[in-house]
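Peer 1: The following file, coords-v8.txt, comprises compact mmCIF, C-alpha atoms (C1' of nucleotides):
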# COMPACT_ATOMS: atom_id res chain seq x y z
CA MET A 297 55.07 -33.28 103.52
CA ASP A 298 55.49 -29.56 103.92
CA ALA A 299 52.77 -26.92 104.03
CA ARG A 300 53.31 -25.91 100.41
CA VAL A 301 52.51 -29.41 99.14
CA LEU A 302 49.50 -29.61 101.47
CA CYS A 303 48.18 -26.32 100.09
CA LEU A 304 48.70 -27.48 96.51
CA GLY A 305 46.68 -30.56 97.39
CA ALA A 306 43.90 -28.43 98.79
CA LEU A 307 43.89 -26.20 95.70
CA HIS A 308 43.68 -29.35 93.57
CA PHE A 309 40.09 -29.67 94.79
CA GLY A 310 39.33 -26.13 93.66
CA ASP A 311 40.21 -22.49 94.28
CA ALA A 312 40.31 -21.52 97.94
CA SER A 313 41.43 -18.90 100.42
CA GLY A 314 43.81 -19.58 103.28
CA TYR A 315 40.89 -19.58 105.65
CA GLU A 316 39.03 -22.18 103.61
CA ILE A 317 42.12 -24.38 103.40
CA LYS A 318 42.40 -24.24 107.18
CA LYS A 319 38.79 -25.45 107.44
CA LEU A 320 39.65 -28.39 105.20
CA PHE A 321 42.13 -29.45 107.88
CA GLU A 322 39.78 -28.68 110.73
CA GLU A 323 36.47 -30.09 109.55
CA GLY A 324 36.90 -31.21 105.94
CA ASP A 325 38.46 -34.09 104.05
CA PHE A 326 41.88 -33.68 105.65
CA SER A 327 40.71 -33.41 109.25
CA PHE A 328 40.96 -37.11 110.00
CA PHE A 329 44.65 -37.46 109.20
CA TYR A 330 46.37 -34.08 109.02
CA GLU A 331 46.64 -30.86 110.99
CA THR A 332 48.16 -27.54 110.24
CA SER A 333 47.87 -23.93 111.32
CA PHE A 334 47.47 -20.45 109.84
CA GLY A 335 51.07 -19.82 110.74
CA SER A 336 52.17 -22.31 108.10
CA ILE A 337 49.34 -21.93 105.58
CA TYR A 338 49.64 -18.19 104.92
CA PRO A 339 53.41 -18.13 104.37
CA ALA A 340 53.11 -21.29 102.25
CA LEU A 341 50.50 -19.67 99.98
CA SER A 342 52.65 -16.56 99.57
CA ARG A 343 55.59 -18.67 98.52
CA LEU A 344 53.48 -20.68 96.09
CA VAL A 345 52.53 -17.43 94.35
CA GLU A 346 56.16 -16.23 94.41
CA ASP A 347 57.26 -19.46 92.76
CA GLY A 348 54.52 -19.41 90.14
CA LEU A 349 52.81 -22.52 91.51
CA ALA A 350 49.60 -20.66 92.36
CA LEU A 351 47.79 -17.47 91.41
CA VAL A 352 45.97 -15.14 93.74
CA SER A 353 43.04 -12.82 93.14
CA GLU A 354 41.95 -10.36 95.76
CA GLN A 355 38.20 -10.17 96.15
CA ALA A 356 36.52 -7.37 98.04
CA GLN A 357 33.43 -8.65 99.77
CA ASP A 358 30.82 -6.52 101.39
CA LYS A 359 29.90 -7.51 104.90
CA ARG A 360 33.08 -9.61 105.10
CA PRO A 361 36.81 -8.91 105.14
CA ASP A 362 38.56 -9.08 101.79
CA LYS A 363 39.36 -12.53 100.57
CA LYS A 364 42.43 -13.77 98.72
CA VAL A 365 41.41 -16.64 96.53
CA TYR A 366 44.24 -18.88 95.34
CA SER A 367 44.23 -21.20 92.35
CA ILE A 368 46.76 -23.79 91.28
CA THR A 369 48.74 -23.31 88.06
CA ASP A 370 49.85 -26.00 85.61
CA LYS A 371 53.37 -25.70 87.01
CA GLY A 372 51.88 -26.21 90.47
CA ARG A 373 49.96 -29.26 89.32
CA ASP A 374 53.14 -30.76 87.85
CA LEU A 375 55.17 -30.15 90.97
CA PHE A 376 52.39 -31.56 93.13
CA ALA A 377 52.20 -34.78 91.09
CA GLU A 378 55.98 -35.08 91.38
CA SER A 379 55.92 -34.54 95.14
CA LEU A 380 53.41 -37.35 95.53
CA ARG A 381 55.89 -39.77 94.01
CA GLU A 382 58.46 -39.52 96.72
CA PRO A 383 57.98 -42.15 99.43
CA PRO A 384 55.64 -41.02 102.23
CA THR A 385 57.30 -40.38 105.57
CA PRO A 386 55.95 -42.46 108.46
CA ASP A 387 52.90 -41.13 110.31
CA LYS A 388 53.58 -38.71 113.12
CA ILE A 389 51.26 -38.93 116.10
CA ARG A 390 51.17 -36.95 119.33
CA SER A 391 48.47 -38.11 121.71
CA ASP A 392 48.34 -36.43 125.08
CA PHE A 393 45.45 -38.73 125.96
CA CYS A 394 47.53 -41.90 125.53
CA PHE A 395 50.46 -40.37 127.37
CA LEU A 396 48.14 -39.46 130.23
CA MET A 397 46.69 -42.96 130.40
CA LEU A 398 50.19 -44.40 130.81
CA PHE A 399 50.35 -42.44 134.07
CA ALA A 400 46.75 -43.04 135.09
CA HIS A 401 47.92 -44.38 138.46
CA LEU A 402 49.08 -40.85 139.38
CA LEU A 403 45.60 -39.34 138.95
CA PRO A 404 42.22 -39.82 140.66
CA PRO A 405 40.28 -42.71 139.09
CA ALA A 406 37.22 -40.45 138.73
CA LEU A 407 39.21 -38.07 136.52
CA ILE A 408 40.48 -40.93 134.39
CA ASP A 409 36.93 -42.19 134.03
CA ARG A 410 35.80 -38.78 132.82
CA LEU A 411 38.67 -38.55 130.35
CA ILE A 412 37.93 -41.95 128.84
CA ARG A 413 34.22 -41.18 128.56
CA GLY A 414 35.08 -37.89 126.88
CA ARG A 415 37.34 -39.71 124.47
CA ILE A 416 34.61 -42.18 123.56
CA ALA A 417 32.19 -39.31 122.99
CA TRP A 418 34.75 -37.64 120.75
CA TYR A 419 35.13 -40.81 118.67
CA ARG A 420 31.34 -41.23 118.42
CA HIS A 421 30.96 -37.64 117.28
CA HIS A 422 33.50 -38.04 114.50
CA ILE A 423 32.11 -41.41 113.47
CA GLY A 424 28.75 -39.69 113.00
CA GLN A 425 30.34 -36.97 110.89
CA MET A 426 32.21 -39.45 108.72
CA GLU A 427 29.13 -41.59 108.21
CA SER A 428 27.06 -38.62 107.11
CA CYS A 429 29.56 -37.27 104.56
CA ASP A 430 30.03 -40.75 103.15
CA ALA A 431 27.93 -40.09 100.01
CA GLN A 432 30.24 -40.94 97.08
CA GLU A 433 32.80 -38.16 97.18
CA ALA A 434 34.66 -36.97 94.13
CA PRO A 435 38.01 -38.79 94.53
CA LEU A 436 38.09 -42.58 94.81
CA GLY A 437 40.79 -42.22 97.47
CA GLY A 438 38.44 -40.18 99.62
CA ARG A 439 36.21 -43.18 100.17
CA LEU A 440 39.12 -45.46 101.05
CA ILE A 441 40.44 -43.03 103.63
CA ASN A 442 36.98 -42.33 104.99
CA GLY A 443 36.48 -46.06 105.45
CA LEU A 444 39.87 -46.44 107.10
CA GLY A 445 39.09 -43.63 109.50
CA LEU A 446 35.72 -45.14 110.34
CA ALA A 447 37.26 -48.57 110.95
CA ILE A 448 39.91 -47.09 113.25
CA TYR A 449 37.55 -44.84 115.23
CA ARG A 450 34.94 -47.57 115.61
CA SER A 451 37.44 -50.08 116.94
CA ALA A 452 38.99 -47.51 119.27
CA ALA A 453 35.60 -46.48 120.66
CA ALA A 454 34.53 -50.10 121.07
CA TYR A 455 37.78 -51.01 122.85
CA LEU A 456 37.45 -48.14 125.31
CA GLU A 457 33.79 -48.91 125.93
CA GLU A 458 34.64 -52.52 126.70
CA ASN A 459 37.57 -51.77 128.96
CA ARG A 460 36.73 -48.47 130.67
CA ALA A 461 34.86 -49.82 133.69
CA SER A 462 37.29 -52.58 134.59
CA PHE A 463 40.29 -50.30 134.10
CA VAL A 464 38.89 -47.65 136.44
CA ALA A 465 37.91 -50.33 138.94
CA GLY A 466 41.47 -51.62 138.84
CA LEU A 467 42.80 -48.12 139.59
CA GLN A 468 40.38 -47.79 142.51
CA ARG A 469 41.50 -51.11 144.00
CA LYS A 470 45.11 -49.98 143.73
CA ASP A 471 44.29 -46.68 145.44
CA ALA A 472 42.45 -48.50 148.22
CA ARG A 473 45.44 -50.75 148.83
CA ALA A 474 47.77 -47.74 148.95
CA GLU A 475 45.58 -45.99 151.51
CA GLU A 476 45.39 -49.13 153.60
CA GLN A 477 49.16 -49.21 153.80
CA SER A 478 49.65 -45.53 154.60
CA GLY A 479 46.88 -45.64 157.25
CA ALA A 480 48.47 -48.67 158.87
CA SER A 481 48.86 -46.92 162.24
CA LYS A 482 45.12 -47.14 162.81
CA VAL A 483 44.77 -50.86 162.43
CA PRO A 484 48.08 -52.70 162.70
CA ALA A 485 48.86 -54.29 159.39
CA VAL A 486 48.87 -58.05 159.69
CA ALA A 487 50.84 -59.89 157.09
CA SER A 488 48.42 -61.89 155.00
CA MET B 176 52.54 -31.52 126.09
CA ASP B 177 56.03 -30.13 125.74
CA ALA B 178 59.30 -32.02 125.64
CA ARG B 179 60.11 -31.28 129.29
CA VAL B 180 56.95 -33.01 130.51
CA LEU B 181 57.58 -35.92 128.16
CA CYS B 182 61.10 -36.32 129.54
CA LEU B 183 59.83 -36.17 133.13
CA GLY B 184 57.39 -38.94 132.20
CA ALA B 185 60.22 -41.01 130.79
CA LEU B 186 62.35 -40.46 133.91
CA HIS B 187 59.37 -41.55 136.01
CA PHE B 188 60.04 -45.07 134.76
CA GLY B 189 63.67 -44.85 135.89
CA ASP B 190 66.92 -43.00 135.31
CA ALA B 191 67.86 -42.60 131.68
CA SER B 192 70.09 -40.78 129.23
CA GLY B 193 68.80 -38.66 126.38
CA TYR B 194 69.62 -41.44 123.98
CA GLU B 195 67.61 -43.95 126.00
CA ILE B 196 64.64 -41.58 126.19
CA LYS B 197 64.72 -41.23 122.42
CA LYS B 198 64.55 -45.02 122.13
CA LEU B 199 61.47 -45.03 124.34
CA PHE B 200 59.80 -42.90 121.67
CA GLU B 201 61.21 -44.92 118.80
CA GLU B 202 60.74 -48.49 119.95
CA GLY B 203 59.52 -48.40 123.54
CA ASP B 204 56.29 -47.73 125.44
CA PHE B 205 55.77 -44.32 123.86
CA SER B 206 56.38 -45.33 120.26
CA PHE B 207 52.74 -46.10 119.46
CA PHE B 208 51.42 -42.63 120.30
CA TYR B 209 54.19 -40.07 120.53
CA GLU B 210 57.22 -38.91 118.58
CA THR B 211 60.01 -36.56 119.39
CA SER B 212 63.58 -35.84 118.34
CA PHE B 213 67.02 -35.29 119.86
CA GLY B 214 66.66 -31.64 119.03
CA SER B 215 63.92 -31.31 121.64
CA ILE B 216 65.06 -33.95 124.13
CA TYR B 217 68.57 -32.64 124.81
CA PRO B 218 67.55 -29.00 125.39
CA ALA B 219 64.60 -30.19 127.49
CA LEU B 220 66.86 -32.27 129.75
CA SER B 221 69.27 -29.35 130.19
CA ARG B 222 66.42 -27.11 131.26
CA LEU B 223 65.06 -29.73 133.65
CA VAL B 224 68.44 -29.77 135.42
CA GLU B 225 68.59 -25.95 135.42
CA ASP B 226 65.17 -25.79 137.04
CA GLY B 227 65.95 -28.44 139.63
CA LEU B 228 63.45 -30.91 138.20
CA ALA B 229 66.10 -33.48 137.34
CA LEU B 230 69.66 -34.37 138.29
CA VAL B 231 72.42 -35.46 135.97
CA SER B 232 75.45 -37.67 136.56
CA GLU B 233 78.12 -38.00 133.94
CA GLN B 234 79.34 -41.55 133.53
CA ALA B 235 82.50 -42.36 131.68
CA GLN B 236 82.11 -45.70 129.95
CA ASP B 237 84.88 -47.65 128.39
CA LYS B 238 84.24 -48.76 124.84
CA ARG B 239 81.33 -46.26 124.61
CA PRO B 240 80.99 -42.48 124.58
CA ASP B 241 80.32 -40.84 127.92
CA LYS B 242 76.76 -41.03 129.11
CA LYS B 243 74.73 -38.43 130.97
CA VAL B 244 72.24 -40.24 133.14
CA TYR B 245 69.32 -38.13 134.32
CA SER B 246 67.07 -38.81 137.30
CA ILE B 247 63.88 -37.09 138.37
CA THR B 248 63.79 -35.09 141.63
CA ASP B 249 60.87 -34.78 144.07
CA LYS B 250 60.20 -31.30 142.69
CA GLY B 251 60.14 -32.82 139.22
CA ARG B 252 57.72 -35.53 140.31
CA ASP B 253 55.39 -32.89 141.80
CA LEU B 254 55.45 -30.72 138.72
CA PHE B 255 54.86 -33.76 136.51
CA ALA B 256 51.81 -34.83 138.52
CA GLU B 257 50.48 -31.27 138.25
CA SER B 258 51.05 -31.14 134.49
CA LEU B 259 49.03 -34.31 134.05
CA ARG B 260 46.01 -32.59 135.57
CA GLU B 261 45.59 -30.03 132.86
CA PRO B 262 43.22 -31.18 130.13
CA PRO B 263 44.96 -33.10 127.34
CA THR B 264 45.14 -31.29 124.00
CA PRO B 265 43.53 -33.15 121.10
CA ASP B 266 45.64 -35.68 119.24
CA LYS B 267 47.78 -34.35 116.45
CA ILE B 268 48.24 -36.60 113.44
CA ARG B 269 50.17 -36.14 110.22
CA SER B 270 49.80 -39.03 107.82
CA ASP B 271 51.50 -38.67 104.47
CA PHE B 272 50.07 -42.06 103.55
CA CYS B 273 46.45 -40.93 103.96
CA PHE B 274 47.15 -37.68 102.15
CA LEU B 275 48.68 -39.64 99.29
CA MET B 276 45.69 -41.98 99.08
CA LEU B 277 43.35 -38.99 98.68
CA PHE B 278 45.24 -38.28 95.45
CA ALA B 279 45.62 -41.89 94.39
CA HIS B 280 44.05 -41.09 91.02
CA LEU B 281 47.15 -39.02 90.16
CA LEU B 282 49.53 -41.97 90.56
CA PRO B 283 50.01 -45.33 88.82
CA PRO B 284 47.74 -48.00 90.35
CA ALA B 285 50.73 -50.33 90.71
CA LEU B 286 52.46 -47.80 92.95
CA ILE B 287 49.34 -47.37 95.07
CA ASP B 288 49.09 -51.13 95.40
CA ARG B 289 52.67 -51.32 96.62
CA LEU B 290 52.10 -48.50 99.12
CA ILE B 291 49.02 -50.15 100.59
CA ARG B 292 50.77 -53.52 100.85
CA GLY B 293 53.68 -51.82 102.58
CA ARG B 294 51.31 -50.16 104.98
CA ILE B 295 49.65 -53.47 105.84
CA ALA B 296 53.07 -55.03 106.43
CA TRP B 297 53.97 -52.12 108.70
CA TYR B 298 50.81 -52.63 110.75
CA ARG B 299 51.42 -56.40 110.97
CA HIS B 300 54.98 -55.82 112.15
CA HIS B 301 53.89 -53.49 114.94
CA ILE B 302 51.00 -55.75 115.92
CA GLY B 303 53.55 -58.53 116.38
CA GLN B 304 55.74 -56.29 118.53
CA MET B 305 52.84 -55.18 120.69
CA GLU B 306 51.59 -58.72 121.16
CA SER B 307 55.00 -59.94 122.26
CA CYS B 308 55.63 -57.20 124.84
CA ASP B 309 52.13 -57.70 126.20
CA ALA B 310 53.30 -59.56 129.34
CA GLN B 311 51.87 -57.59 132.28
CA GLU B 312 53.86 -54.39 132.25
CA ALA B 313 54.43 -52.28 135.33
CA PRO B 314 51.80 -49.55 134.93
CA LEU B 315 48.13 -50.47 134.60
CA GLY B 316 47.76 -47.75 131.97
CA GLY B 317 50.38 -49.45 129.83
CA ARG B 318 48.10 -52.41 129.24
CA LEU B 319 45.13 -50.20 128.35
CA ILE B 320 47.14 -48.25 125.81
CA ASN B 321 48.76 -51.38 124.44
CA GLY B 322 45.29 -52.86 123.95
CA LEU B 323 44.03 -49.69 122.30
CA GLY B 324 46.97 -49.65 119.93
CA LEU B 325 46.42 -53.30 119.05
CA ALA B 326 42.70 -52.72 118.42
CA ILE B 327 43.44 -49.78 116.14
CA TYR B 328 46.26 -51.41 114.18
CA ARG B 329 44.33 -54.66 113.74
CA SER B 330 41.25 -52.93 112.40
CA ALA B 331 43.32 -50.71 110.11
CA ALA B 332 45.24 -53.69 108.71
CA ALA B 333 42.03 -55.70 108.27
CA TYR B 334 40.30 -52.80 106.50
CA LEU B 335 43.17 -52.31 104.05
CA GLU B 336 43.41 -56.05 103.41
CA GLU B 337 39.71 -56.20 102.62
CA ASN B 338 39.68 -53.15 100.37
CA ARG B 339 43.08 -53.05 98.71
CA ALA B 340 42.32 -55.18 95.67
CA SER B 341 39.01 -53.57 94.73
CA PHE B 342 40.39 -50.08 95.27
CA VAL B 343 43.34 -50.69 92.97
CA ALA B 344 41.03 -52.34 90.43
CA GLY B 345 38.83 -49.23 90.55
CA LEU B 346 41.83 -47.03 89.83
CA GLN B 347 42.83 -49.23 86.88
CA ARG B 348 39.33 -49.04 85.40
CA LYS B 349 39.44 -45.26 85.71
CA ASP B 350 42.87 -45.16 84.01
CA ALA B 351 41.61 -47.39 81.22
CA ARG B 352 38.61 -45.12 80.60
CA ALA B 353 40.88 -42.07 80.53
CA GLU B 354 43.18 -43.70 77.95
CA GLU B 355 40.20 -44.74 75.87
CA GLN B 356 39.06 -41.15 75.67
CA SER B 357 42.47 -39.69 74.84
CA GLY B 358 43.06 -42.41 72.25
CA ALA B 359 39.63 -41.85 70.72
CA SER B 360 41.04 -41.07 67.26
CA LYS B 361 41.85 -44.76 66.74
CA VAL B 362 38.41 -46.19 67.32
CA PRO B 363 35.62 -43.63 67.18
CA ALA B 364 33.97 -43.42 70.58
CA VAL B 365 30.36 -44.49 70.37
CA ALA B 366 28.07 -43.18 73.04
CA SER B 367 26.90 -46.07 75.17
C1' DC C 199 23.63 -4.58 125.37
C1' DC C 200 27.24 -7.31 125.56
C1' DA C 201 29.56 -11.56 124.82
C1' DT C 202 30.60 -14.98 121.72
C1' DC C 203 31.16 -16.84 117.37
C1' DA C 204 32.18 -16.83 112.28
C1' DT C 205 34.64 -14.76 108.50
C1' DA C 206 39.21 -13.27 107.00
C1' DT C 207 44.36 -12.13 106.96
C1' DA C 208 48.70 -11.70 109.19
C1' DT C 209 52.61 -11.94 112.45
C1' DC C 210 55.63 -13.43 116.22
C1' DG C 211 58.07 -15.87 119.95
C1' DA C 212 58.89 -20.21 121.44
C1' DG C 213 59.42 -24.67 120.33
C1' DT C 214 60.23 -28.76 117.06
C1' DT C 215 62.02 -31.31 113.14
C1' DG C 216 65.38 -33.49 110.40
C1' DA C 217 69.89 -33.25 109.03
C1' DT C 218 74.41 -33.04 110.18
C1' DA C 219 78.84 -33.21 113.02
C1' DT C 220 81.70 -35.66 116.22
C1' DA C 221 83.58 -39.92 118.43
C1' DT C 222 84.14 -44.82 119.30
C1' DA C 223 83.25 -49.81 118.72
C1' DT C 224 81.28 -53.84 116.67
C1' DC C 225 79.85 -56.78 112.99
C1' DA C 226 79.56 -58.72 108.39
C1' DC C 227 81.62 -59.14 104.09
C1' DT C 228 85.30 -59.33 100.61
C1' DA D 38 93.09 -55.95 106.49
C1' DG D 39 90.02 -52.77 104.91
C1' DT D 40 85.31 -51.13 103.79
C1' DG D 41 80.82 -49.97 104.85
C1' DA D 42 76.92 -50.42 107.90
C1' DT D 43 75.05 -50.20 112.30
C1' DA D 44 74.85 -49.05 117.29
C1' DT D 45 76.00 -46.11 121.17
C1' DA D 46 76.15 -41.30 122.64
C1' DT D 47 75.79 -36.04 122.72
C1' DA D 48 75.03 -31.70 120.51
C1' DT D 49 73.79 -28.00 117.28
C1' DC D 50 71.47 -25.45 113.55
C1' DA D 51 68.56 -23.64 109.79
C1' DA D 52 64.13 -24.08 108.41
C1' DC D 53 59.84 -24.82 109.69
C1' DT D 54 55.55 -25.18 112.63
C1' DC D 55 52.51 -24.19 116.52
C1' DG D 56 49.55 -21.51 119.30
C1' DA D 57 48.50 -17.17 120.66
C1' DT D 58 47.52 -12.72 119.52
C1' DA D 59 46.16 -8.52 116.71
C1' DT D 60 42.96 -6.44 113.55
C1' DA D 61 38.40 -5.76 111.52
C1' DT D 62 33.30 -6.60 110.64
C1' DG D 63 28.80 -8.75 111.07
C1' DA D 64 25.65 -12.05 112.95
C1' DT D 65 23.60 -14.55 116.66
C1' DG D 66 21.86 -15.27 121.17
C1' DG D 67 20.84 -14.69 126.05
So that I can check it, write out the structure of this file as C-alpha cells.

Peer 2:
Amino acid sequence: MDARVLCLGALHFGDASGYEIKKLFEEGDFSFFYETSFGSIYPALSRLVEDGLALVSEQAQDKRPDKKVYSITDKGRDLFAESLREPPTPDKIRSDFCFLMLFAHLLPPALIDRLIRGRIAWYRHHIGQMESCDAQEAPLGGRLINGLGLAIYRSAAAYLEENRASFVAGLQRKDARAEEQSGASKVPAVAS
Amino acid sequence: MDARVLCLGALHFGDASGYEIKKLFEEGDFSFFYETSFGSIYPALSRLVEDGLALVSEQAQDKRPDKKVYSITDKGRDLFAESLREPPTPDKIRSDFCFLMLFAHLLPPALIDRLIRGRIAWYRHHIGQMESCDAQEAPLGGRLINGLGLAIYRSAAAYLEENRASFVAGLQRKDARAEEQSGASKVPAVAS
DNA sequence: CCATCATATATCGAGTTGATATATATCACT
DNA sequence: AGTGATATATATCAACTCGATATATGATGG
C-alpha cells in the first residue's frame, strides 16, 4: 500500500492538506494501524495532482502559512476502489519494545520495570482515546477496526499488568545468582 | 533500531549466516514483532565486519552454495548492550488489512467476509505455532514476548470471530438500501 | 522575554523494501 | 526423463520511505 493510495483514502473522507493527512496518521482514524511521514505524503500528493487523481487549491490564510487543500477526483476515486481489490500485503510490524524485552537479561531489572510500566501507560492512554471517539463514526469499517484495536490493546495491557512483577523478579533472581558466582572469592562456592 | 543492531541481536543467540538471520525474522523468535529484508541484512553484516563488530568465516559446503557464517565480537557485544539502553522508538505498524476494512463499504460484502475469515485463519495458524514453541526458551524475555504475542493474537482472533457475521450483514443491508434507491424507478419509494 | 508548541510546506541523506539475478539440489508429479 | 516448485545461499538495484532539518508565523506559558 503505497503513500499515494493512503492519501487517496484520506481524501475519501474529505478535502485535506498534507498536514491534515499527517494528523490522520498521528492521532486520527489511521493512527492505530498505519504510519507515514511528510517525506512520503508531500511527494505523493504532488504526483496525485500530476496524474489527475486529485486537485489542489492554494488558500492564503491570515495568521497561518498558506494551505494547499487537496480533493479527490472521480478518476482518483476509481483508481482507489481498484487498488482496494488487490490482496492486502501482510502486516508489517517493527517493535523496538519487544526486541528489547527479548534481551531483558542484558539490562538492569529496574530499567525493564520502567519500560514495561511505560508501555502499559501507553496502552491505557490509547484505550482511553479509542473509547472516547467510539461514538458511531461515519464508516461501518471504522467501528470494526476501532473495536479490534481496543481488544488488542486491552489484552496487551492486561497481559503486561499480570506478568510485569514476576518477570522483573525473575530477572533480579538471575542477576543475584550471577553476582554470587562472580563474587565467589569472598565466600568459597560450595556445590549445592 | 537499525539493521546492524538487529543483526547483532541475532548473532547474540549464536553464529549465523545472513540467510539464517532472515529466517529468524520470517519464522523464528523475531517474526512476531519485527520484519526486515535481505536488502538490509547483507549490507548490515558487511558493515559489522568492517567496523570490527562481527567476524565472518566463509564455509564451502558440498551440495549447497557457500555460506558466510558471522559471529559477534566482544566489541560488538559491548556496542549492542549500549544500543539497548537508548529509549525504544514507538512501534511502527502498517496494516493493509485494517486500512482495507476502513473502506469496506466500497467492496463487495462477500470479499470482505473472505478477507476477515482469512485473517482469522492467519491468527489461528500463528497461535498454534507460538503455543508449540512455548517450551521454556533460553532467554526469559522470550517467554514474556511469546505470551504477549499469544494474548494479542488470541484476542484479535476472538474479536473478529465474534463480529465478522454481523459486520458483513451490516454491509449487505447497506448495499441493499443503496440498490433500492438507485432502482427507485421500478417501485416508487415511499417515505417510511 | 524566551522557549516551546502548533500550523504549514518542503527537501535531503541515509536507510529499507521488494523484486530480481545467480547457482545448486531436492522433491513431487507426469 | 523432464518439468516446475521449493529450499538453500548471496547479492544488487531502483523506487520508495524515514527522520531530521529548514523556513515562516502566531499563540501559549512560565

Peer 1: Per residue of chain C within 10 Å of chain A, note the shortest atom pair and the distance in Å to one decimal, counting all atoms listed in the file, and order the rows by chain and increasing residue number, as CSV.

Peer 2:
residue,atom,partner,partner_atom,distance
C:DT205,C1',A:Arg360,CA,6.4
C:DA206,C1',A:Pro361,CA,5.3
C:DT207,C1',A:Lys363,CA,8.1
C:DA208,C1',A:Tyr338,CA,7.8
C:DT209,C1',A:Gly335,CA,8.2
C:DC210,C1',A:Gly335,CA,9.6

Peer 1: One decimal, Å: what's the distance from atom CA of A:Leu320 over to atom CA of A:Leu304, could you say?

Peer 2: 12.6 Å

Peer 1: Could you pull the residues within 12 Å of D:DG56, counting all atoms listed in the file, minus those fewer than 2 positions along the same chain, as a ChimeraX atom specification?

Peer 2: /A:332-336 /B:264 /C:210-213 /D:54,58

Peer 1: Give me, please, the distance in Å between atom CA of B:Thr248 and atom CA of B:Gly227, quoted to one decimal.

Peer 2: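 Between atom CA of B:Thr248 and atom CA of B:Gly227 the gap is 7.3 Å.
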
Peer 1: Could you state the separation of atom CA of A:Val352 and atom CA of B:Arg269 in Å, given to one decimal place?

Peer 2: 27.0 Å

Peer 1: Give me the residues of chain D that have any atom at most 10 Å from an atom of chain A; for each, the nearest atom pair and the distance in Å, rounded to one decimal. Use all atoms listed in the file, sort by chain and number, and format it as a tab-separated table.

Peer 2:
residue	atom	partner	partner_atom	distance
D:DC53	C1'	A:Ser336	CA	8.2
D:DT54	C1'	A:Ser336	CA	6.3
D:DC55	C1'	A:Ser333	CA	7.0
D:DG56	C1'	A:Ser333	CA	8.5
D:DA61	C1'	A:Pro361	CA	7.3
D:DT62	C1'	A:Arg360	CA	6.3
D:DG63	C1'	A:Lys359	CA	6.4

Peer 1: Keeping only C-alpha atoms (C1' of nucleotides), write the selected residues to a file as a CSV table (one decimal), keeping the file's coordinate frame.

Peer 2:
chain,number,residue,atom,x,y,z
D,53,DC,C1',59.8,-24.8,109.7
D,54,DT,C1',55.6,-25.2,112.6
D,55,DC,C1',52.5,-24.2,116.5
D,56,DG,C1',49.6,-21.5,119.3
D,61,DA,C1',38.4,-5.8,111.5
D,62,DT,C1',33.3,-6.6,110.6
D,63,DG,C1',28.8,-8.8,111.1

Peer 1: Give me the residues near stretch 405-420 of chain A as an NGL selection string, where near means some atom within 12 Å (using only C-alpha atoms (C1' of nucleotides)) and where sequence neighbours in that chain fewer than 5 positions away do not count.

Peer 2: (:A and (328 or 391-394 or 396-400 or 425-427 or 445-472)) or (:B and (259-266 or 315-316 or 319-320 or 323))

Peer 1: Which one of C:DT228, C:DT215, C:DT202, C:DT222 sits closest to D:DG66 if you count only C-alpha atoms (C1' of nucleotides)?

Peer 2: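 Result for the nearest residue to D:DG66: C:DT202.
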
Peer 1: Between A:Gly310, A:Gly324, A:Pro435, A:Gly372, which one has atoms that come closest to chain B, using all atoms listed in the file?

Peer 2: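 Smallest distance to chain B is found for A:Pro435.
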
Peer 1: Measuring atom to atom with only C-alpha atoms, identify which of A:Glu354, A:Glu331, A:Glu346, A:Glu322 is nearest to chain B.

Peer 2: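 The closest residue to chain B is A:Glu331.
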
Peer 1: Would you pick out the contacts of A:Leu351 at 7 Å or less, using only C-alpha atoms (C1' of nucleotides), so that residues sharing its chain but fewer than 3 positions from it are not included, and give the list as a list in words?

Peer 2: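 Residues near the query, excluding close chain neighbours: Val345, Tyr366, Ser367, Ile368 and Thr369 of chain A.
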
Peer 1: Which is closer to chain A than all the others in B:Ala185, B:Ala353, B:Leu220, B:Ile302, using all atoms listed in the file?

Peer 2: B:Ala185

Peer 1: Pick the closest to D:DA46 from B:Leu181, B:Ala219, B:Val244, B:Ala256: which is it, counting only C-alpha atoms (C1' of nucleotides)?

Peer 2: B:Val244
